[in-house]
$ cat data36.txt   # compact mmCIF, C-alpha atoms and all ligand atoms
# COMPACT_ATOMS: atom_id res chain seq x y z
CA MET A 1 132.46 74.37 104.45
CA SER A 2 135.02 71.61 104.47
CA VAL A 3 135.08 68.49 106.56
CA GLN A 4 138.30 67.89 108.45
CA PHE A 5 139.58 64.46 109.33
CA ARG A 6 142.00 63.39 112.00
CA PHE A 7 143.81 60.06 111.93
CA GLU A 8 144.36 57.80 114.89
CA LEU A 9 147.47 55.89 113.92
CA GLU A 10 149.34 52.93 115.24
CA SER A 11 152.49 51.38 113.90
CA ARG A 12 151.39 47.77 113.33
CA THR A 13 152.14 44.66 111.38
CA MET A 14 149.07 42.71 112.49
CA ARG A 15 145.44 43.48 113.25
CA CYS A 16 142.53 41.31 114.37
CA TYR A 17 138.84 41.34 113.59
CA ARG A 18 135.84 39.60 115.11
CA HIS A 19 133.09 38.02 113.04
CA ARG A 20 129.76 39.40 114.20
CA ASP A 21 127.85 36.12 113.66
CA CYS A 22 130.13 33.70 115.51
CA ASN A 23 132.45 35.95 117.57
CA GLU A 24 135.52 34.17 116.23
CA VAL A 25 138.59 36.43 116.18
CA THR A 26 140.86 36.20 113.13
CA CYS A 27 144.16 38.07 112.76
CA VAL A 28 145.75 39.27 109.53
CA ASP A 29 149.19 40.56 108.63
CA GLY A 30 151.31 41.36 105.58
CA ASP A 31 149.51 41.66 102.25
CA ASP A 32 146.20 40.50 103.75
CA LEU A 33 146.25 43.37 106.25
CA VAL A 34 147.13 45.85 103.50
CA LEU A 35 144.37 44.54 101.24
CA LEU A 36 141.74 44.79 104.00
CA SER A 37 142.87 48.24 105.16
CA ASN A 38 143.36 50.04 101.86
CA PRO A 39 140.01 51.11 100.35
CA ASN A 40 141.73 51.76 97.02
CA LEU A 41 142.29 48.01 96.68
CA GLN A 42 139.33 45.91 95.60
CA CYS A 43 138.18 43.63 98.43
CA SER A 44 134.68 42.60 99.48
CA ALA A 45 135.13 39.49 101.61
CA THR A 46 137.58 38.07 104.12
CA LEU A 47 138.24 34.86 106.02
CA CYS A 48 136.61 33.96 109.33
CA LEU A 49 138.44 30.98 110.84
CA THR A 50 135.10 29.40 111.75
CA CYS A 51 132.80 30.38 108.87
CA GLY A 52 135.07 30.75 105.86
CA MET A 53 134.67 33.73 103.53
CA VAL A 54 132.41 36.42 105.00
CA PRO A 55 131.49 39.95 103.84
CA LEU A 56 133.49 42.92 105.16
CA ASP A 57 130.50 44.50 106.90
CA SER A 58 130.13 41.39 109.08
CA VAL A 59 133.59 41.66 110.66
CA LEU A 60 134.65 44.29 113.22
CA TRP A 61 138.18 45.45 114.02
CA VAL A 62 138.70 44.27 117.61
CA ASP A 63 140.50 47.45 118.73
CA THR A 64 137.78 49.88 117.59
CA ASP A 65 134.65 47.72 117.20
CA GLU A 66 134.11 49.36 113.81
CA SER A 67 133.24 47.15 110.86
CA VAL A 68 136.02 46.65 108.33
CA ALA A 69 133.69 47.87 105.56
CA GLN A 70 132.78 51.03 107.49
CA HIS A 71 136.42 51.71 108.30
CA ARG A 72 137.38 51.41 104.63
CA GLN A 73 134.71 53.97 103.70
CA CYS A 74 135.95 56.43 106.33
CA VAL A 75 139.56 55.95 105.27
CA ARG A 76 138.60 56.51 101.63
CA LYS A 77 136.91 59.84 102.44
CA ALA A 78 139.78 60.96 104.64
CA LEU A 79 142.41 60.07 102.04
CA ARG A 80 140.45 61.93 99.41
CA SER A 81 140.38 65.06 101.57
CA LEU A 82 144.13 64.76 102.08
CA ALA A 83 144.86 65.26 98.38
CA PRO A 84 144.52 68.72 96.81
CA GLY A 85 141.51 69.42 94.60
CA TRP A 86 143.45 69.22 91.34
CA VAL A 87 144.23 65.55 92.01
CA GLN A 88 140.49 64.79 91.88
CA TRP A 89 140.12 66.81 88.69
CA LEU A 90 143.10 65.10 87.16
CA VAL A 91 141.16 61.82 87.08
CA TRP A 92 138.43 63.44 84.95
CA PHE A 93 140.90 65.40 82.89
CA SER A 94 142.93 62.28 82.19
CA GLY A 95 139.73 60.43 81.20
CA LEU A 96 138.79 63.26 78.82
CA VAL A 97 142.22 63.53 77.20
CA PHE A 98 142.47 59.76 76.71
CA ALA A 99 138.93 59.74 75.24
CA ILE A 100 139.85 62.41 72.70
CA VAL A 101 143.08 60.62 71.80
CA GLY A 102 141.25 57.27 71.55
CA GLY A 103 138.58 58.79 69.32
CA GLY A 104 141.22 60.55 67.21
CA ILE A 105 143.31 57.44 66.69
CA THR A 106 140.26 55.39 65.73
CA ALA A 107 139.08 58.09 63.30
CA TYR A 108 142.54 58.07 61.71
CA VAL A 109 142.64 54.27 61.39
CA PHE A 110 139.16 54.23 59.79
CA ARG A 111 139.70 57.37 57.68
CA THR A 112 139.37 55.55 54.32
CA GLU A 113 136.20 53.69 55.35
CA PRO A 114 133.38 54.83 53.01
CA GLU A 115 130.58 54.08 55.49
CA ARG A 116 130.35 57.15 57.72
CA GLY A 117 128.18 55.41 60.30
CA LEU A 118 130.90 52.83 60.78
CA ILE A 119 133.54 55.54 61.29
CA PHE A 120 131.36 57.16 63.90
CA ALA A 121 130.74 53.85 65.70
CA ALA A 122 134.45 53.03 65.70
CA MET A 123 135.30 56.53 66.98
CA SER A 124 132.80 56.16 69.80
CA LEU A 125 134.31 52.84 70.83
CA GLY A 126 137.79 54.35 70.65
CA ALA A 127 136.69 57.27 72.80
CA ILE A 128 135.04 54.98 75.37
CA ALA A 129 138.13 52.77 75.55
CA GLY A 130 140.22 55.92 76.01
CA LEU A 131 137.90 57.18 78.75
CA VAL A 132 138.16 53.92 80.70
CA LEU A 133 141.94 53.80 80.32
CA GLY A 134 142.25 57.49 81.21
CA PHE A 135 140.18 57.06 84.35
CA ALA A 136 142.22 54.05 85.40
CA THR A 137 145.46 55.95 84.83
CA GLY A 138 144.22 59.00 86.73
CA ARG A 139 143.01 56.87 89.62
CA THR A 140 146.27 54.96 89.84
CA TYR A 141 148.02 58.32 90.13
CA ARG A 142 145.55 59.55 92.75
CA TYR A 143 145.99 56.41 94.88
CA ALA A 144 149.77 56.76 94.75
CA LYS A 145 149.50 60.45 95.63
CA GLU A 146 147.25 59.71 98.63
CA ARG A 147 149.70 57.12 99.96
CA GLN A 148 152.57 59.55 99.48
CA LEU A 149 150.75 62.35 101.33
CA LEU A 150 149.96 60.06 104.26
CA ARG A 151 153.64 59.12 104.43
CA ASP A 152 154.88 62.70 104.15
CA ARG A 153 152.51 64.24 106.67
CA TYR A 154 151.96 61.44 109.16
CA ASN A 155 154.83 59.07 108.48
CA ALA A 156 152.26 56.28 108.24
CA GLU A 157 150.93 53.65 105.87
CA ILE A 158 147.22 53.15 105.17
CA HIS A 159 147.08 49.91 107.19
CA GLU A 160 148.34 51.84 110.22
CA ILE A 161 145.19 53.98 110.37
CA THR A 162 143.25 52.74 113.39
CA ARG A 163 140.38 55.17 113.16
CA VAL A 164 139.33 58.25 111.25
CA ILE A 165 137.79 61.00 113.32
CA ARG A 166 135.58 63.56 111.58
CA GLU A 167 135.94 67.10 112.77
CA GLY A 168 133.72 70.01 111.80
ZN ZN B 201 132.50 33.45 111.74

$ encode --input "data36.txt" --output "structure tokens"
Amino acid sequence: MSVQFRFELESRTMRCYRHRDCNEVTCVDGDDLVLLSNPNLQCSATLCLTCGMVPLDSVLWVDTDESVAQHRQCVRKALRSLAPGWVQWLVWFSGLVFAIVGGGITAYVFRTEPERGLIFAAMSLGAIAGLVLGFATGRTYRYAKERQLLRDRYNAEIHEITRVIREG
């Protein structure tokens, strides 16, 4: 049973949101619009012209009345479903491979260390560092792949997604 998503798209360079608490409408374009729209980019607050920085769940896109936070979540799920399964696995695989390499390199560097506990501790740290780096690398690839698929199939950028409709 797989969930299907449909995108409502609009070629845009600007989009406006309304702050729930004060009703002020603020419009964003360029990098700000991309940052707010792309769930793969870290963003938790935005500017309300009246109130200053406010959380993303307190502002609603004017054209859909959906909160910016909610929209980001929907877009994230839909983008994920766009990419083939192996792209998801690649993130884990990349984490695992980097962890093994990190552990291996650390073990090699500490190979003459007489204290075995110290070798083990260093190896663990090396493996953890590798895991983190591997995950980051895999995710960077996944994000690029998702953007590419959206371009190829829909000729659209992430900030041009107006709404995600769940089907099935
Ligand atoms: Zn406000």

$ closest_residue --input "data36.txt" --among "A:Thr112, A:Ser94, A:Thr50, A:Thr106" --to "ligand ZN 201 (chain B)" --atoms "only C-alpha atoms and all ligand atoms"
A:Thr50

$ residues_near_ligand --input "data36.txt" --ligand "ligand ZN 201 (chain B)" --cutoff "9 Å" --atoms "all atoms listed in the file" --output "tab-separated table (two decimals) with C-alpha atoms, in the frame of the given file"
chain	number	residue	atom	x	y	z
A	18	ARG	CA	135.84	39.60	115.11
A	19	HIS	CA	133.09	38.02	113.04
A	20	ARG	CA	129.76	39.40	114.20
A	21	ASP	CA	127.85	36.12	113.66
A	22	CYS	CA	130.13	33.70	115.51
A	23	ASN	CA	132.45	35.95	117.57
A	24	GLU	CA	135.52	34.17	116.23
A	25	VAL	CA	138.59	36.43	116.18
A	26	THR	CA	140.86	36.20	113.13
A	47	LEU	CA	138.24	34.86	106.02
A	48	CYS	CA	136.61	33.96	109.33
A	49	LEU	CA	138.44	30.98	110.84
A	50	THR	CA	135.10	29.40	111.75
A	51	CYS	CA	132.80	30.38	108.87
A	52	GLY	CA	135.07	30.75	105.86
A	53	MET	CA	134.67	33.73	103.53
A	54	VAL	CA	132.41	36.42	105.00
A	58	SER	CA	130.13	41.39	109.08
A	59	VAL	CA	133.59	41.66	110.66

$ closest_residue --input "data36.txt" --among "A:Ile100, A:Ile161, A:Leu36, A:Leu149" --to "Pro84 in chain A" --atoms "all atoms listed in the file"
A:Leu149

$ closest_residue --input "data36.txt" --among "A:Phe7, A:Phe135, A:Tyr154, A:Tyr143" --to "Val91 in chain A" --atoms "all atoms listed in the file"
A:Phe135

$ closest_residue --input "data36.txt" --among "A:Thr64, A:Gln88, A:Ser37, A:Ser44" --to "Glu8 in chain A" --atoms "only C-alpha atoms"
A:Thr64

$ residues_near_point --input "data36.txt" --point "(148.2, 43.9, 105.5)" --cutoff "12 Å" --atoms "all atoms listed in the file" --output "number ranges by chain"
A: 12-16, 27-38, 41, 157-161

$ closest_residue --input "data36.txt" --among "A:Ala156, A:Ala122, A:Arg166, A:Ala136" --to "Cys74 in chain A" --atoms "all atoms listed in the file"
A:Arg166

$ closest_residue --input "data36.txt" --among "A:Pro114, A:Gly85, A:Pro55, A:Gly95" --to "Gly138 in chain A" --atoms "only C-alpha atoms"
A:Gly95

$ axis_aligned_box --input "data36.txt" --around "range 118-137 of chain A" --padding-each-side "3 Å" --output "lines of an AutoDock Vina configuration file"
center_x = 138.1
center_y = 55.1
center_z = 73.1
size_x = 20.7
size_y = 10.7
size_z = 30.6
